[in-house]
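For reference, the structure discussed in these notes is given below.
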Amino acid sequence: MDDEQQRPDHGPLAGFTVGVTAARRADELGALLQRRGAAVLHAPALRIVPLADDSELLAATKQLIDQAPDVVIATTAIGFRGWVEAADGWGLGDALLERLRTVELLARGPKVKGAVRAAGLTEQWSPASESMAEVLDRLLAEGVDGRRIAVQLHGEPLPGFVEALRAGGAEVVGVPVYRWLPPEDLGPVDRLLDAAVSRGVDAVTFTSAPAAASLLSRAEERGLLPELLAAFGHDVLPVCVGPVTAVPLQGHGVDTVQPERFRLGPLVQLLCRELPGRARALPVAGHRLEIRGHAALVDGELRTVPPAGMSLLRTLSRRPGWVVPRADLLRALPGTGRDEHAVETAMARLRTALGAPKLIQTVVKRGYRLALDPATDAKYTDG
């Protein structure tokens with residue numbers, strides 16, 4: 001990226017903190033974010049039921065072997081592979097594959113088609129678009145009345161898909177591959193919630209709808225749902241890998257951003273554009289000051305700032321060029337102290353961290369102000 005070539009000392013996400021709710025592929029997503037400079041707060045909002053221990057999947061597999069469906073829809077490559085491997089472990093692998101050879105097998109997209117063929121099977125049809133809507137259109141065009149259709153689920157809801165098939169007269173059987181349950185340890189989720197409502201994270205990523213639903217549910221249990229929704233509405237960017245993942249958030253009126261391609265790489269690229277674009281940049285005392293989540297860029301150089309200093313800096317930046325009284329700055333500091341000397345101490349540390357003391361001016365007996373450049377001073381101080 002051009003930005004990274006100009007600033008080789010840090011990535012485009014330096015100074016930002018991103019929450020990761022994923023259980024599966026969380027390490028991969030975290031590494032992608034950290035390579036671009038982000039601090040990552042990992043809080044798996046789910047845990048996956050191990051396939052070998054999943055009695056619901058075993059029962060569904062036996063049912064399909066004993067009573068053949070007319071159609072089987074494979075929706076994810078990892079889910080289809082996991083289903084076949086689990087069946088092998090139960091001694092049902094050959095019987096499952098034989099059954100799948102006798103039905104109309106549909107694969108949602110090229111990756112799923114590859115998994116189907118790797119199992120020695122051949123799909124009857126696969127959309128190039130990876131769209132479940134296209135699968136649905138094909139089935140409804142063929143007619144589904146009286147047909148038994150098995151859908152390999154992958155922990156994701158399929159809004160409208162199952163309902164449309166049933167409305168058309170089909171019997172729909174779900175094959176619950178990779179069911180989700182709440183995490184056994186809620187500590188990381190609670191820490192992410194606390195960070196979100198206190199604006200200690202700049203974005204939260206979601207790679208599955210159940211993870212989004214789980215986080216919202218936990219927030220509601222703790223009485224934090226209104227605060228979480230307010231944070232998502234203003235200061236904390238909710239990022240979803242795709243539209244299905246966004247459904248639980250949209251149900252609460254939360255607007256999300258999503259990449260055009262529903263993959264981890266494009267999701268990270270989207271963050272690399274969105275978060276720096278939301279950062280406040282000001283011309284101050286002959287320097288360019290950009291304020292990020294837990295750091296500042298001074299003329300493109302990353303300067304890590306303590307939490308108290310960031311609180312002061314954000315408060316000053318809301319009224320650049322204006323004098324902010326010590327009492328207002330004291331209220332902005334973490335904690336509930338009343339000693340205005342705490343402001344002086346935090347301000348001294350902030351100036352040291354920024355490495356350019358003249359960015360912030362002391363106005364005797366009144367407070368402090370960002371030393372906005374004269375050429376732009378009127379823009380920010382008039383009215």
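Chains: A, B, ... in order of the structure tokens. Residues: from 1 per chain. Ligands: from 1, in order shown.
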Secondary structure check, strand (DSSP E or B) residues of region 127-351 of chain A, as a VMD selection string: chain A and resid 148 to 153 171 to 176 180 to 181 203 to 206 237 to 240 257 280 to 284 287 to 291 295 to 298 301 to 304 324 to 325
Contact residues around Leu275 (chain A) with only C-alpha atoms at 9 Å, ignoring same-chain residues under 4 positions, as a list of chain:residue names: A:Pro12, A:Leu13, A:Phe16, A:Asp202, A:Ala203, A:Leu237, A:Leu270, A:Leu271, A:Ala279, A:Arg292
For Val20 (chain A), find every residue with an atom within 6 Å (counting only C-alpha atoms), except residues of its own chain fewer than 2 positions away, and show them as a short mmCIF file (atom, residue, chain, number, x, y, z; two decimals) with C-alpha atoms, in the first residue's frame.
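Result file around-v9.cif:
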data_model
loop_
_atom_site.label_atom_id
_atom_site.label_comp_id
_atom_site.auth_asym_id
_atom_site.auth_seq_id
_atom_site.Cartn_x
_atom_site.Cartn_y
_atom_site.Cartn_z
CA ALA A 22 -14.60 -14.95 16.21
CA HIS A 42 -9.85 -11.19 21.42
CA ALA A 43 -13.15 -12.22 22.97
CA THR A 205 -15.41 -7.41 14.03
#
Among listed residues A:Ala14, A:Ala332, A:Val40, A:Leu316, nearest Leu297 (chain A) (using only C-alpha atoms):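 The shortest atom-to-atom distance to Leu297 (chain A) comes from A:Ala14.
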Residue nearest Lys358 (chain A) among A:Arg263, A:Arg326, A:Lys111, A:His287 (counting only C-alpha atoms):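 Checking each of A:Arg263, A:Arg326, A:Lys111, A:His287 against Lys358 (chain A), counting only C-alpha atoms, the winner is A:His287.
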Which of A:Leu46, A:Ile149, A:Pro259, A:Asp137 sits closest to Ser217 (chain A) [using only C-alpha atoms]: A:Leu46
Taking only residues of region 219-265 of chain A that have an atom at most 12 Å from an atom of region 158-177 of chain A, what is each one's shortest atom pair and its distance in Å to one decimal, using only C-alpha atoms, in chain and number order, as a tab-separated table?
residue	atom	partner	partner_atom	distance
A:Pro243	CA	A:Pro159	CA	10.2
A:Val244	CA	A:Leu158	CA	7.3
A:Thr245	CA	A:Leu158	CA	10.0
A:Ala246	CA	A:Pro159	CA	11.2
A:Val247	CA	A:Pro159	CA	8.4
A:Pro248	CA	A:Pro159	CA	10.7
Just write the chosen residues, N, CA, C and O atoms, as a tab-separated table (two decimals), in the first residue's frame.
chain	number	residue	atom	x	y	z
A	243	PRO	N	-23.52	-9.74	4.81
A	243	PRO	CA	-24.87	-9.32	5.22
A	243	PRO	C	-25.58	-10.29	6.15
A	243	PRO	O	-26.36	-9.85	7.00
A	244	VAL	N	-25.34	-11.59	6.02
A	244	VAL	CA	-25.97	-12.55	6.93
A	244	VAL	C	-25.47	-12.34	8.36
A	244	VAL	O	-26.23	-12.36	9.32
A	245	THR	N	-24.16	-12.11	8.48
A	245	THR	CA	-23.57	-11.87	9.79
A	245	THR	C	-24.16	-10.63	10.45
A	245	THR	O	-24.29	-10.55	11.67
A	246	ALA	N	-24.55	-9.64	9.64
A	246	ALA	CA	-25.04	-8.37	10.17
A	246	ALA	C	-26.48	-8.43	10.67
A	246	ALA	O	-26.93	-7.50	11.35
A	247	VAL	N	-27.22	-9.51	10.36
A	247	VAL	CA	-28.66	-9.55	10.65
A	247	VAL	C	-29.00	-9.28	12.13
A	247	VAL	O	-29.87	-8.46	12.42
A	248	PRO	N	-28.33	-9.93	13.10
A	248	PRO	CA	-28.69	-9.64	14.51
A	248	PRO	C	-28.46	-8.18	14.90
A	248	PRO	O	-29.25	-7.62	15.66
Every residue of region 294-383 of chain A that DSSP places in helix (DSSP H, G or I), as number ranges by chain: A: 307-317, 326-332, 341-354, 357-359, 374-381
Residue neighbourhood Asp194 (chain A), 9 Å, only C-alpha atoms, exclusion window fewer than 5 positions, as a list in words: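 Near neighbours after the sequence-gap exclusion: Val189, Arg199, Gly200, Leu224 and Leu228 of chain A.
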Shell of 12 Å around Glu98 (chain A), only C-alpha atoms, local chain residues under 3 positions omitted, as a VMD selection string: chain A and resid 64 to 66 68 84 92 to 95 101 to 103 119 to 122
Generate the output file for the selected residues, all heavy atoms, as a short mmCIF file (atom, residue, chain, number, x, y, z; two decimals), in the first residue's frame.
data_model
loop_
_atom_site.label_atom_id
_atom_site.label_comp_id
_atom_site.auth_asym_id
_atom_site.auth_seq_id
_atom_site.Cartn_x
_atom_site.Cartn_y
_atom_site.Cartn_z
N LEU A 64 -30.94 -39.16 7.53
CA LEU A 64 -30.81 -38.99 6.09
C LEU A 64 -30.40 -40.31 5.41
O LEU A 64 -30.80 -40.58 4.28
CB LEU A 64 -29.79 -37.91 5.78
CG LEU A 64 -30.20 -36.48 6.13
CD1 LEU A 64 -29.11 -35.50 5.72
CD2 LEU A 64 -31.51 -36.10 5.47
N ILE A 65 -29.57 -41.10 6.08
CA ILE A 65 -29.16 -42.39 5.52
C ILE A 65 -30.36 -43.32 5.44
O ILE A 65 -30.57 -44.03 4.44
CB ILE A 65 -28.03 -43.01 6.36
CG1 ILE A 65 -26.73 -42.18 6.19
CG2 ILE A 65 -27.78 -44.46 5.95
CD1 ILE A 65 -25.62 -42.56 7.15
N ASP A 66 -31.19 -43.30 6.50
CA ASP A 66 -32.35 -44.22 6.55
C ASP A 66 -33.49 -43.76 5.66
O ASP A 66 -34.22 -44.59 5.10
CB ASP A 66 -32.85 -44.33 8.00
CG ASP A 66 -31.83 -45.02 8.90
OD1 ASP A 66 -30.94 -45.70 8.36
OD2 ASP A 66 -31.91 -44.83 10.14
N ALA A 68 -34.09 -41.25 2.53
CA ALA A 68 -33.41 -40.39 1.56
C ALA A 68 -34.19 -39.12 1.29
O ALA A 68 -35.40 -39.17 1.04
CB ALA A 68 -33.21 -41.14 0.25
N VAL A 84 -18.58 -35.07 6.62
CA VAL A 84 -18.11 -36.36 6.09
C VAL A 84 -17.10 -36.99 7.04
O VAL A 84 -17.14 -38.20 7.31
CB VAL A 84 -17.52 -36.17 4.68
CG1 VAL A 84 -16.86 -37.45 4.20
CG2 VAL A 84 -18.61 -35.73 3.70
N LEU A 92 -20.08 -44.27 9.73
CA LEU A 92 -21.19 -44.06 8.80
C LEU A 92 -20.74 -43.38 7.51
O LEU A 92 -21.58 -43.00 6.68
CB LEU A 92 -22.27 -43.18 9.46
CG LEU A 92 -22.92 -43.73 10.73
CD1 LEU A 92 -23.84 -42.67 11.36
CD2 LEU A 92 -23.73 -44.98 10.42
N GLY A 93 -19.44 -43.21 7.33
CA GLY A 93 -18.93 -42.45 6.20
C GLY A 93 -19.35 -43.01 4.86
O GLY A 93 -19.86 -42.28 3.99
N ASP A 94 -19.15 -44.30 4.67
CA ASP A 94 -19.49 -44.92 3.38
C ASP A 94 -20.99 -44.84 3.11
O ASP A 94 -21.43 -44.57 1.99
CB ASP A 94 -19.03 -46.39 3.34
CG ASP A 94 -17.52 -46.51 3.29
OD1 ASP A 94 -16.86 -45.51 2.91
OD2 ASP A 94 -16.99 -47.59 3.62
N ALA A 95 -21.78 -45.06 4.16
CA ALA A 95 -23.25 -45.03 4.00
C ALA A 95 -23.72 -43.62 3.64
O ALA A 95 -24.61 -43.45 2.79
CB ALA A 95 -23.93 -45.51 5.28
N ARG A 101 -24.86 -39.90 -3.20
CA ARG A 101 -24.77 -40.18 -4.65
C ARG A 101 -26.14 -40.38 -5.28
O ARG A 101 -26.27 -40.33 -6.50
CB ARG A 101 -23.92 -41.43 -4.88
CG ARG A 101 -22.43 -41.22 -4.64
CD ARG A 101 -21.58 -42.41 -5.09
NE ARG A 101 -20.19 -42.17 -4.77
CZ ARG A 101 -19.58 -42.62 -3.67
NH1 ARG A 101 -20.27 -43.36 -2.80
NH2 ARG A 101 -18.31 -42.35 -3.44
N THR A 102 -27.15 -40.64 -4.45
CA THR A 102 -28.48 -40.97 -4.99
C THR A 102 -29.43 -39.77 -4.99
O THR A 102 -30.58 -39.91 -5.41
CB THR A 102 -29.13 -42.10 -4.16
OG1 THR A 102 -29.43 -41.59 -2.83
CG2 THR A 102 -28.20 -43.30 -4.05
N VAL A 103 -28.96 -38.60 -4.52
CA VAL A 103 -29.85 -37.45 -4.41
C VAL A 103 -29.39 -36.33 -5.34
O VAL A 103 -28.29 -36.38 -5.91
CB VAL A 103 -29.89 -36.92 -2.95
CG1 VAL A 103 -30.29 -38.03 -1.99
CG2 VAL A 103 -28.56 -36.31 -2.54
N ALA A 119 -14.63 -35.37 -1.87
CA ALA A 119 -15.23 -36.52 -1.19
C ALA A 119 -15.61 -37.63 -2.17
O ALA A 119 -16.20 -38.64 -1.77
CB ALA A 119 -16.46 -36.07 -0.41
N GLY A 120 -15.29 -37.41 -3.47
CA GLY A 120 -15.60 -38.42 -4.47
C GLY A 120 -17.02 -38.31 -5.00
O GLY A 120 -17.53 -39.26 -5.60
N LEU A 121 -17.66 -37.15 -4.79
CA LEU A 121 -19.03 -36.95 -5.25
C LEU A 121 -19.05 -35.94 -6.38
O LEU A 121 -18.07 -35.23 -6.61
CB LEU A 121 -19.91 -36.45 -4.09
CG LEU A 121 -19.97 -37.34 -2.84
CD1 LEU A 121 -20.63 -36.60 -1.69
CD2 LEU A 121 -20.73 -38.62 -3.15
N THR A 122 -20.16 -35.83 -7.05
CA THR A 122 -20.34 -34.84 -8.11
C THR A 122 -21.63 -34.08 -7.86
O THR A 122 -22.70 -34.70 -7.73
CB THR A 122 -20.40 -35.50 -9.50
OG1 THR A 122 -19.20 -36.26 -9.69
CG2 THR A 122 -20.50 -34.44 -10.59
#
Among the residues A:Asp88, A:Glu142, A:Asp328, A:Asp373, the one that comes closest to Gly286 (chain A) [using only C-alpha atoms]: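 Of A:Asp88, A:Glu142, A:Asp328, A:Asp373, the one nearest Gly286 (chain A), counting only C-alpha atoms, is A:Asp373.
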